[in-house]
file data.txt (compact mmCIF, C-alpha atoms)
# COMPACT_ATOMS: atom_id res chain seq x y z
CA MET A 12 154.39 105.01 82.21
CA TRP A 13 152.12 101.97 82.35
CA SER A 14 149.08 104.12 81.51
CA ARG A 15 150.80 105.12 78.26
CA VAL A 16 152.22 101.69 77.40
CA ARG A 17 149.06 99.70 78.03
CA ARG A 18 147.22 101.46 75.21
CA TRP A 19 149.47 99.53 72.82
CA VAL A 20 148.48 96.12 74.25
CA PRO A 21 145.78 95.36 71.60
CA ALA A 22 148.24 96.18 68.80
CA LEU A 23 150.88 93.98 70.42
CA VAL A 24 148.38 91.11 70.68
CA ILE A 25 147.54 91.42 66.98
CA ALA A 26 151.24 91.59 66.06
CA LEU A 27 151.95 88.51 68.19
CA ALA A 28 149.10 86.64 66.49
CA ALA A 29 150.52 87.52 63.06
CA LEU A 30 153.99 86.40 64.11
CA VAL A 31 152.66 83.09 65.43
CA ASP A 32 150.75 82.52 62.18
CA LEU A 33 153.83 83.23 60.02
CA LEU A 34 156.17 81.01 62.06
CA THR A 35 153.90 77.99 62.42
CA PRO A 36 152.46 75.50 59.93
CA THR A 37 149.26 76.42 58.11
CA SER A 38 147.38 73.91 60.24
CA VAL A 39 147.95 76.14 63.31
CA SER A 40 145.45 79.00 63.57
CA SER A 41 146.13 82.27 65.34
CA ALA A 42 142.41 83.22 65.32
CA PRO A 43 141.95 82.56 69.09
CA LEU A 44 144.77 85.00 69.86
CA LEU A 45 143.29 87.58 67.49
CA ALA A 46 139.98 87.27 69.36
CA VAL A 47 141.77 88.41 72.52
CA ALA A 48 142.66 91.80 70.98
CA PRO A 49 139.19 93.47 71.17
CA VAL A 50 138.76 92.14 74.72
CA THR A 51 142.01 93.80 75.82
CA ALA A 52 140.68 97.07 74.37
CA VAL A 53 137.56 97.11 76.57
CA SER A 54 139.13 99.13 79.41
CA LEU A 55 141.46 101.16 77.20
CA PHE A 56 139.29 102.83 74.54
CA GLY A 57 135.78 103.98 73.81
CA PRO A 58 133.32 101.97 71.67
CA ALA A 59 134.85 103.28 68.42
CA GLY A 60 138.30 102.21 69.53
CA VAL A 61 137.09 98.73 70.44
CA VAL A 62 135.42 98.39 67.03
CA GLY A 63 138.61 99.60 65.37
CA VAL A 64 140.66 96.93 67.15
CA GLY A 65 138.12 94.24 66.22
CA VAL A 66 138.06 95.26 62.55
CA SER A 67 141.87 95.32 62.51
CA ALA A 68 141.94 91.78 63.90
CA MET A 69 139.49 90.63 61.21
CA LEU A 70 141.54 92.25 58.42
CA VAL A 71 144.77 90.72 59.72
CA GLN A 72 143.17 87.27 59.88
CA ALA A 73 141.90 87.54 56.30
CA GLY A 74 145.25 88.87 55.07
CA LEU A 75 147.19 86.06 56.72
CA ALA A 76 144.86 83.47 55.21
CA PHE A 77 145.34 84.91 51.69
CA LEU A 78 149.11 85.15 52.28
CA ASP A 79 149.27 81.48 53.25
CA GLY A 80 147.08 80.55 50.30
CA SER A 81 144.84 78.70 52.72
CA TYR A 82 141.79 80.98 52.57
CA ASP A 83 138.60 78.95 52.73
CA TRP A 84 135.29 80.75 52.36
CA GLN A 85 133.46 78.43 54.69
CA GLY A 86 136.09 78.05 57.43
CA ASP A 87 137.38 81.59 57.36
CA ALA A 88 133.88 83.05 57.21
CA ALA A 89 133.19 81.27 60.50
CA VAL A 90 136.35 82.78 61.97
CA GLN A 91 135.32 86.25 60.77
CA ILE A 92 131.87 85.82 62.33
CA THR A 93 133.52 84.73 65.59
CA LEU A 94 135.80 87.79 65.61
CA ALA A 95 132.85 90.06 64.83
CA SER A 96 130.83 88.48 67.68
CA VAL A 97 133.70 88.91 70.16
CA THR A 98 134.04 92.54 69.05
CA ALA A 99 130.32 93.14 69.59
CA LEU A 100 130.57 91.55 73.04
CA ALA A 101 133.60 93.75 73.83
CA VAL A 102 131.62 96.86 72.81
CA GLY A 103 128.84 95.83 75.19
CA LEU A 104 131.33 95.27 78.01
CA ASN A 105 132.90 98.63 77.25
CA ARG A 106 129.55 100.38 77.48
CA SER A 107 128.74 98.63 80.76
CA LEU A 108 132.16 99.53 82.17
CA ARG A 109 131.75 103.18 81.20
CA MET A 110 128.33 103.32 82.87
CA GLN A 111 129.76 101.81 86.06
CA HIS A 112 132.64 104.28 85.96
CA ALA A 113 130.20 107.19 85.58
CA SER A 114 128.13 105.88 88.49
CA ALA A 115 131.25 105.51 90.65
CA SER A 116 132.34 109.04 89.73
CA ARG A 117 128.96 110.44 90.79
CA ALA A 118 129.15 108.51 94.06
CA ARG A 119 132.65 109.79 94.70
CA TYR A 120 131.58 113.35 93.94
CA ALA A 121 128.69 113.01 96.41
CA ALA A 122 131.10 111.63 99.02
CA GLU A 123 133.46 114.56 98.44
CA MET A 124 130.62 117.04 98.90
CA ALA A 125 129.58 115.26 102.10
CA GLN A 126 133.15 115.36 103.35
CA ARG A 127 133.42 119.10 102.70
CA ALA A 128 130.11 119.70 104.45
CA VAL A 129 130.83 117.55 107.52
CA LEU A 130 134.61 117.91 107.68
CA PRO A 131 135.63 121.25 106.13
CA SER A 132 139.30 121.90 105.54
CA PRO A 133 140.86 124.19 108.15
CA PRO A 134 142.48 127.45 107.04
CA SER A 135 146.09 127.15 105.92
CA ARG A 136 147.10 129.89 108.32
CA LEU A 137 145.81 131.42 111.56
CA GLY A 138 148.00 134.32 112.59
CA ASP A 139 151.59 133.06 112.58
CA LEU A 140 150.52 129.42 112.86
CA ARG A 141 150.69 127.39 109.66
CA ILE A 142 148.25 124.52 109.28
CA ALA A 143 147.80 121.45 107.08
CA ALA A 144 145.24 118.66 107.34
CA ARG A 145 144.66 115.35 105.57
CA TYR A 146 141.92 112.74 105.69
CA VAL A 147 143.12 109.35 104.39
CA PRO A 148 140.16 106.93 104.08
CA ALA A 149 140.65 103.20 104.49
CA GLU A 150 138.18 102.61 101.64
CA ASP A 151 138.56 104.53 98.41
CA MET A 152 134.89 105.48 98.07
CA ALA A 153 134.30 106.13 101.78
CA LEU A 154 135.84 109.59 101.91
CA ILE A 155 134.55 110.30 105.40
CA GLY A 156 134.10 108.12 108.44
CA GLY A 157 134.60 108.48 112.17
CA ASP A 158 137.88 110.43 112.20
CA LEU A 159 137.82 114.22 112.44
CA TYR A 160 139.81 117.40 112.82
CA VAL A 161 138.68 120.96 113.43
CA MET A 162 140.57 124.21 113.91
CA GLN A 163 139.52 127.77 114.69
CA GLU A 164 140.67 131.07 116.11
CA THR A 165 138.86 132.00 119.32
CA PRO A 166 138.92 134.85 121.89
CA PHE A 167 141.10 132.56 124.03
CA GLY A 168 143.66 131.64 121.38
CA VAL A 169 143.86 129.23 118.48
CA ARG A 170 142.16 125.94 119.38
CA ALA A 171 142.08 122.62 117.56
CA MET A 172 140.76 119.11 117.99
CA VAL A 173 141.61 115.77 116.42
CA GLY A 174 139.24 112.93 117.26
CA ASP A 175 138.13 109.41 116.41
CA VAL A 176 134.56 108.23 116.90
CA ARG A 177 133.94 104.62 117.76
CA GLY A 178 131.93 102.86 115.07
CA LYS A 179 131.41 103.13 111.33
CA GLY A 180 128.85 104.29 108.85
CA LEU A 181 126.14 106.88 109.31
CA SER A 182 126.16 106.74 113.12
CA ALA A 183 129.87 107.63 113.18
CA VAL A 184 129.35 110.50 110.72
CA THR A 185 126.49 111.77 112.92
CA ALA A 186 128.75 111.73 115.97
CA VAL A 187 131.46 113.56 113.98
CA SER A 188 128.94 116.28 113.11
CA VAL A 189 127.99 116.61 116.79
CA ASP A 190 131.65 116.76 117.87
CA ILE A 191 132.58 119.44 115.36
CA GLY A 192 129.44 121.53 115.97
CA VAL A 193 129.82 121.49 119.75
CA PHE A 194 133.55 122.20 119.55
CA ARG A 195 133.01 125.21 117.30
CA TYR A 196 130.43 126.66 119.69
CA ALA A 197 132.21 125.83 122.95
CA ALA A 198 135.64 126.94 121.68
CA ASP A 199 134.29 130.49 121.27
CA HIS A 200 132.50 130.61 124.62
CA GLU A 201 134.32 128.47 127.21
CA PRO A 202 137.36 130.27 128.68
CA ASP A 203 139.34 127.16 129.62
CA LEU A 204 139.84 123.71 128.13
CA PRO A 205 138.23 121.66 130.96
CA ALA A 206 135.00 123.67 130.54
CA LEU A 207 135.16 123.15 126.77
CA VAL A 208 135.62 119.39 127.25
CA ALA A 209 132.77 119.27 129.75
CA CYS A 210 130.47 120.97 127.22
CA MET A 211 131.40 118.40 124.58
CA GLU A 212 130.93 115.57 127.06
CA GLU A 213 127.42 116.73 127.85
CA ALA A 214 126.49 117.05 124.18
CA LEU A 215 127.75 113.53 123.37
CA LEU A 216 125.85 112.04 126.30
CA ARG A 217 122.64 113.72 125.12
CA GLU A 218 123.25 112.41 121.62
CA SER A 219 123.79 108.84 122.86
CA GLN A 220 120.52 109.03 124.83
CA ARG A 221 118.65 110.04 121.67
CA ARG A 222 119.95 107.03 119.76
CA GLU A 223 118.03 104.12 121.22
CA GLY A 224 119.30 100.57 121.27
CA LEU A 225 123.00 101.40 121.71
CA ASP A 226 125.12 100.26 124.63
CA ALA A 227 126.51 102.76 127.10
CA THR A 228 129.85 103.20 125.30
CA GLU A 229 128.64 103.30 121.68
CA GLY A 230 129.67 106.45 119.84
CA PHE A 231 132.37 107.59 122.28
CA THR A 232 135.12 109.80 120.89
CA THR A 233 138.83 109.73 121.61
CA ALA A 234 139.91 113.36 121.40
CA LEU A 235 143.01 115.49 121.50
CA ILE A 236 142.19 119.15 122.20
CA VAL A 237 144.91 121.78 121.99
CA GLN A 238 145.11 125.49 122.62
CA PHE A 239 148.02 127.77 121.71
CA ALA A 240 149.15 130.79 123.70
CA ASP A 241 148.64 134.14 122.00
CA ASP A 242 152.36 134.37 121.20
CA LEU A 243 152.51 130.64 120.28
CA SER A 244 155.20 130.08 122.93
CA GLN A 245 153.17 127.34 124.65
CA VAL A 246 150.63 124.69 123.73
CA HIS A 247 148.02 123.44 126.21
CA ILE A 248 146.74 119.90 125.64
CA VAL A 249 143.86 117.80 126.92
CA ASN A 250 144.11 114.15 125.90
CA ARG A 251 140.98 112.03 126.30
CA GLY A 252 142.07 108.53 125.32
CA HIS A 253 143.71 109.62 122.05
CA PRO A 254 147.14 108.79 120.54
CA ALA A 255 149.68 111.26 121.90
CA PRO A 256 150.87 113.95 119.47
CA VAL A 257 154.47 114.29 118.35
CA LEU A 258 156.34 117.57 118.86
CA LEU A 259 158.90 118.07 116.09
CA HIS A 260 161.72 120.52 116.73
CA ALA A 261 163.41 122.65 114.07
CA ASP A 262 166.38 120.25 113.88
CA GLY A 263 164.12 117.24 113.25
CA ARG A 264 164.24 115.85 116.80
CA ALA A 265 160.90 114.62 118.13
CA ARG A 266 159.23 114.16 121.48
CA VAL A 267 155.99 112.32 122.13
CA LEU A 268 153.73 114.38 124.40
CA GLU A 269 152.37 111.50 126.43
CA PRO A 270 149.79 112.54 129.05
CA ALA A 271 150.98 112.32 132.65
CA GLU A 272 147.48 111.30 133.72
CA GLU A 273 145.26 108.99 131.66
CA ALA A 274 141.69 110.07 130.91
CA PRO A 275 138.95 108.13 129.09
CA PRO A 276 137.38 109.10 125.75
CA LEU A 277 134.56 111.61 125.57
CA GLY A 278 131.02 110.28 125.80
CA ILE A 279 131.40 107.68 128.54
CA SER A 280 131.50 109.92 131.62
CA GLY A 281 128.02 108.64 132.44
CA LEU A 282 129.82 105.55 133.73
CA ASP A 283 131.88 107.65 136.17
CA ALA A 284 133.17 111.19 136.73
CA TRP A 285 136.50 112.00 135.09
CA ALA A 286 138.72 115.06 135.16
CA SER A 287 140.25 116.65 132.07
CA PRO A 288 143.84 117.44 133.06
CA VAL A 289 145.50 120.19 131.04
CA GLU A 290 149.20 119.83 130.27
CA THR A 291 151.35 122.70 129.04
CA HIS A 292 154.42 122.28 126.84
CA PRO A 293 156.86 124.79 125.31
CA PHE A 294 156.31 125.43 121.61
CA PRO A 295 159.50 127.11 120.39
CA PRO A 296 159.97 128.82 117.01
CA GLY A 297 160.44 126.26 114.24
CA ALA A 298 158.48 123.59 116.11
CA MET A 299 155.62 121.57 114.65
CA LEU A 300 152.87 119.71 116.50
CA LEU A 301 151.85 116.57 114.60
CA CYS A 302 148.45 115.13 115.55
CA PHE A 303 146.86 111.96 114.16
CA THR A 304 144.33 109.24 114.85
CA ASP A 305 144.96 105.56 115.59
CA GLY A 306 144.86 104.73 111.87
CA VAL A 307 148.53 105.79 112.01
CA THR A 308 149.67 104.19 115.26
CA GLU A 309 147.79 100.92 114.66
CA ALA A 310 149.02 100.40 111.08
CA ARG A 311 150.95 97.11 110.96
CA ASP A 312 153.53 95.71 108.61
CA PRO A 313 153.34 92.07 107.37
CA ALA A 314 155.20 90.95 110.52
CA GLY A 315 152.58 92.62 112.75
CA VAL A 316 154.82 95.49 113.93
CA PHE A 317 152.93 98.72 114.66
CA TYR A 318 153.91 101.97 113.00
CA ASP A 319 155.86 104.26 115.34
CA PRO A 320 155.60 107.92 114.25
CA ALA A 321 157.99 109.03 117.00
CA VAL A 322 160.77 107.07 115.28
CA ARG A 323 159.90 107.25 111.59
CA VAL A 324 158.72 110.87 111.26
CA PRO A 325 161.95 112.40 112.68
CA HIS A 326 163.97 110.21 110.30
CA MET A 327 161.96 111.51 107.33
CA VAL A 328 162.19 115.15 108.46
CA GLN A 329 165.93 114.94 109.09
CA SER A 330 166.43 113.37 105.66
CA TYR A 331 164.42 116.23 104.14
CA LEU A 332 166.53 118.78 106.05
CA ARG A 333 169.74 117.24 104.71
CA GLN A 334 168.46 117.37 101.15
CA THR A 335 166.89 120.85 101.19
CA SER A 336 168.50 122.66 104.15
CA HIS A 337 165.11 123.91 105.35
CA PHE A 338 162.29 122.55 107.48
CA PRO A 339 159.42 121.00 105.47
CA GLU A 340 156.06 122.71 105.17
CA PRO A 341 153.17 121.17 107.18
CA SER A 342 151.59 119.79 104.00
CA THR A 343 154.90 118.16 103.05
CA VAL A 344 155.19 116.47 106.44
CA LEU A 345 151.68 115.06 106.10
CA ASP A 346 152.44 113.81 102.58
CA LEU A 347 155.57 112.09 103.86
CA LEU A 348 153.68 110.60 106.79
CA ALA A 349 150.77 109.28 104.71
CA ARG A 350 153.12 107.66 102.17
CA ASP A 351 155.29 106.13 104.88
CA VAL A 352 152.29 104.63 106.69
CA SER A 353 151.10 103.18 103.38
CA ARG A 354 154.53 101.64 102.73
CA HIS A 355 154.66 100.25 106.26
CA SER A 356 151.25 98.58 105.99
CA GLY A 357 151.97 97.26 102.49
CA GLY A 358 149.51 99.29 100.44
CA SER A 359 146.07 100.66 101.25
CA PRO A 360 145.36 102.05 104.75
CA GLN A 361 144.04 99.57 107.29
CA ASP A 362 141.94 102.25 109.02
CA ASP A 363 140.91 105.85 108.41
CA GLN A 364 143.53 108.46 109.25
CA ALA A 365 142.98 112.09 110.24
CA LEU A 366 146.23 114.06 110.17
CA LEU A 367 146.87 117.61 111.40
CA ALA A 368 150.18 119.48 111.34
CA LEU A 369 150.55 122.79 113.21
CA HIS A 370 153.79 124.68 112.58
CA ARG A 371 155.27 127.77 114.22
CA PRO A 372 157.87 128.99 111.73
CA ARG A 373 160.99 130.81 112.71
CA PRO A 374 160.76 134.57 112.09
CA GLN A 375 163.12 134.50 109.08
CA GLN A 376 161.36 131.44 107.65
CA ASP A 377 158.02 133.20 108.02
CA LEU A 378 159.30 136.30 106.22
CA LEU A 379 160.54 134.18 103.31
CA ALA A 380 157.14 132.52 103.03
CA ARG A 381 155.17 135.78 103.06
CA PRO A 382 154.69 137.35 99.59
CA ARG A 383 155.57 141.01 99.16
CA GLN A 384 152.59 143.33 98.90
CA GLY A 385 151.01 143.21 95.45
CA GLN A 386 152.55 139.84 94.61
CA PRO A 387 150.70 136.50 94.65
CA PRO A 388 151.88 133.88 97.14
CA GLY A 389 154.41 131.37 95.89
CA PRO A 390 153.58 127.68 95.45
CA GLY A 391 155.05 126.77 98.84
CA ALA A 392 153.43 129.57 100.83
CA LEU A 393 150.56 128.73 103.11
call {"tool": "encode", "arguments": {"input": "data.txt", "output": "structure tokens"}}
result
Amino acid sequence: MWSRVRRWVPALVIALAALVDLLTPTSVSSAPLLAVAPVTAVSLFGPAGVVGVGVSAMLVQAGLAFLDGSYDWQGDAAVQITLASVTALAVGLNRSLRMQHASASRARYAAEMAQRAVLPSPPSRLGDLRIAARYVPAEDMALIGGDLYVMQETPFGVRAMVGDVRGKGLSAVTAVSVDIGVFRYAADHEPDLPALVACMEEALLRESQRREGLDATEGFTTALIVQFADDLSQVHIVNRGHPAPVLLHADGRARVLEPAEEAPPLGISGLDAWASPVETHPFPPGAMLLCFTDGVTEARDPAGVFYDPAVRVPHMVQSYLRQTSHFPEPSTVLDLLARDVSRHSGGSPQDDQALLALHRPRPQQDLLARPRQGQPPGPGAL
């Protein structure tokens, strides 16, 4: 609504200036207020629009002077020159603003292409498993950082990883590329999760040795690696220093899958030898596994209270169930989560967030979501 209303601001400024001039003595000039009108148009219109607002302000000033019978060629000519000068300045500011906007758009486009290259979106469906992913950057123009997710179907079942690389900038993006590349290779070749994790560990250690001048723990990755049984009845999890995922049941109840045995992040095993314990949990029909990085769990409200997805996500899902009578799609859950974290932290994210929702629909729910042969999928189908 504001985007539509604000385009009338220059006209309102001119109208206010005219009203002030008509209600005050002739000794009071509304010219300074009229000069504001073309400035307010800088971010609203193109150069022609700014000129139009400036010319309108000049015509109104001249008309008011003639109406008052106080028009003075010398004094009012100076006012007209001032209004024309302010209009010319506003046109220059408008041009500069448009150039900066074009440059920012090109930078954002380049960042989007880099994000798609380094962090491609996972498929919306692998077998009967529905998938949704989100990357929420802490900075608007930095569309990719050290958080990551990757998902693929392998000979050993569907495997996924959500991770968070220590550090920022190009070094973090480099580590993300290594993590994703090694995971994609190892997930297709290593028969069990500990062997997959060991392969990633070795690759990260080699990468840290190539990058000179970094301390022993620079570039480590907290990682949550999951593997689903062929029939999706179970999910196997290796947690290496990462926030525990939340298992949502079909009725909206939630359980945090905290690891029974702590393990450090990937990339620091050179300091000691660590095991990668695998934990197995039931994954019943209708359940959803919600994975995220610490940008979610470390988001704070103004009082310094951390965001607790195990409490807030079930509340949102149960509210959605009451309103719609059906379990939300994975993309809907991630939308709800991202908005709720933003509300909790009071606006923009405090850290990057990688979100991944993995849903095993009930058989009847899956049939409703599948389009009949020859028909395109509906807007809610994944």
call {"tool": "residues_around", "arguments": {"input": "data.txt", "residues": "segment 235-250 of chain A", "least_positions_apart": "6", "cutoff": "10 Å", "atoms": "only C-alpha atoms", "output": "compact mmCIF listing (two decimals) with C-alpha atoms, in the frame of the given file"}}
result
# COMPACT_ATOMS: atom_id res chain seq x y z
CA GLY A 138 148.00 134.32 112.59
CA ASP A 139 151.59 133.06 112.58
CA LEU A 140 150.52 129.42 112.86
CA TYR A 160 139.81 117.40 112.82
CA VAL A 161 138.68 120.96 113.43
CA MET A 162 140.57 124.21 113.91
CA GLN A 163 139.52 127.77 114.69
CA GLU A 164 140.67 131.07 116.11
CA THR A 165 138.86 132.00 119.32
CA PRO A 166 138.92 134.85 121.89
CA PHE A 167 141.10 132.56 124.03
CA GLY A 168 143.66 131.64 121.38
CA VAL A 169 143.86 129.23 118.48
CA ARG A 170 142.16 125.94 119.38
CA ALA A 171 142.08 122.62 117.56
CA MET A 172 140.76 119.11 117.99
CA VAL A 173 141.61 115.77 116.42
CA GLY A 174 139.24 112.93 117.26
CA ASP A 175 138.13 109.41 116.41
CA PHE A 194 133.55 122.20 119.55
CA ALA A 198 135.64 126.94 121.68
CA ASP A 203 139.34 127.16 129.62
CA LEU A 204 139.84 123.71 128.13
CA PRO A 205 138.23 121.66 130.96
CA LEU A 207 135.16 123.15 126.77
CA VAL A 208 135.62 119.39 127.25
CA PRO A 256 150.87 113.95 119.47
CA LEU A 268 153.73 114.38 124.40
CA GLU A 269 152.37 111.50 126.43
CA PRO A 270 149.79 112.54 129.05
CA ALA A 271 150.98 112.32 132.65
CA GLU A 272 147.48 111.30 133.72
CA GLU A 273 145.26 108.99 131.66
CA ALA A 274 141.69 110.07 130.91
CA PRO A 275 138.95 108.13 129.09
CA PRO A 276 137.38 109.10 125.75
CA LEU A 277 134.56 111.61 125.57
CA SER A 287 140.25 116.65 132.07
CA PRO A 288 143.84 117.44 133.06
CA VAL A 289 145.50 120.19 131.04
CA GLU A 290 149.20 119.83 130.27
CA THR A 291 151.35 122.70 129.04
CA HIS A 292 154.42 122.28 126.84
CA PRO A 293 156.86 124.79 125.31
CA PHE A 294 156.31 125.43 121.61
CA PRO A 295 159.50 127.11 120.39
CA PRO A 296 159.97 128.82 117.01
CA ALA A 298 158.48 123.59 116.11
CA LEU A 300 152.87 119.71 116.50
CA CYS A 302 148.45 115.13 115.55
CA PHE A 303 146.86 111.96 114.16
CA THR A 304 144.33 109.24 114.85
CA HIS A 370 153.79 124.68 112.58
CA ARG A 371 155.27 127.77 114.22
call {"tool": "closest_residue", "arguments": {"input": "data.txt", "among": "A:Ile142, A:Ala197, A:Ala99, A:Ala183", "to": "Leu366 of chain A", "atoms": "only C-alpha atoms"}}
result
A:Ile142
call {"tool": "atom_distance", "arguments": {"input": "data.txt", "atom1": "atom CA of Asp305 of chain A", "atom2": "atom CA of Gly192 of chain A"}}
result
22.3 Å
call {"tool": "closest_residue", "arguments": {"input": "data.txt", "among": "A:Val16, A:Gly57, A:Leu33, A:Arg117", "to": "Leu78 of chain A", "atoms": "only C-alpha atoms"}}
result
A:Leu33
call {"tool": "residues_near_point", "arguments": {"input": "data.txt", "point": "(128.4, 93.8, 71.8)", "cutoff": "12 Å", "atoms": "all atoms listed in the file", "output": "list of chain:residue names"}}
result
A:Pro49, A:Val50, A:Val53, A:Pro58, A:Ala59, A:Val61, A:Val62, A:Gly65, A:Leu94, A:Ala95, A:Ser96, A:Val97, A:Thr98, A:Ala99, A:Leu100, A:Ala101, A:Val102, A:Gly103, A:Leu104, A:Asn105, A:Arg106, A:Ser107
call {"tool": "residues_around", "arguments": {"input": "data.txt", "residues": "Asp312 of chain A", "least_positions_apart": "4", "cutoff": "9 Å", "atoms": "only C-alpha atoms", "output": "list in words"}}
result
Val316, Phe317, Tyr318, Arg354, His355, Ser356 and Gly357 of chain A
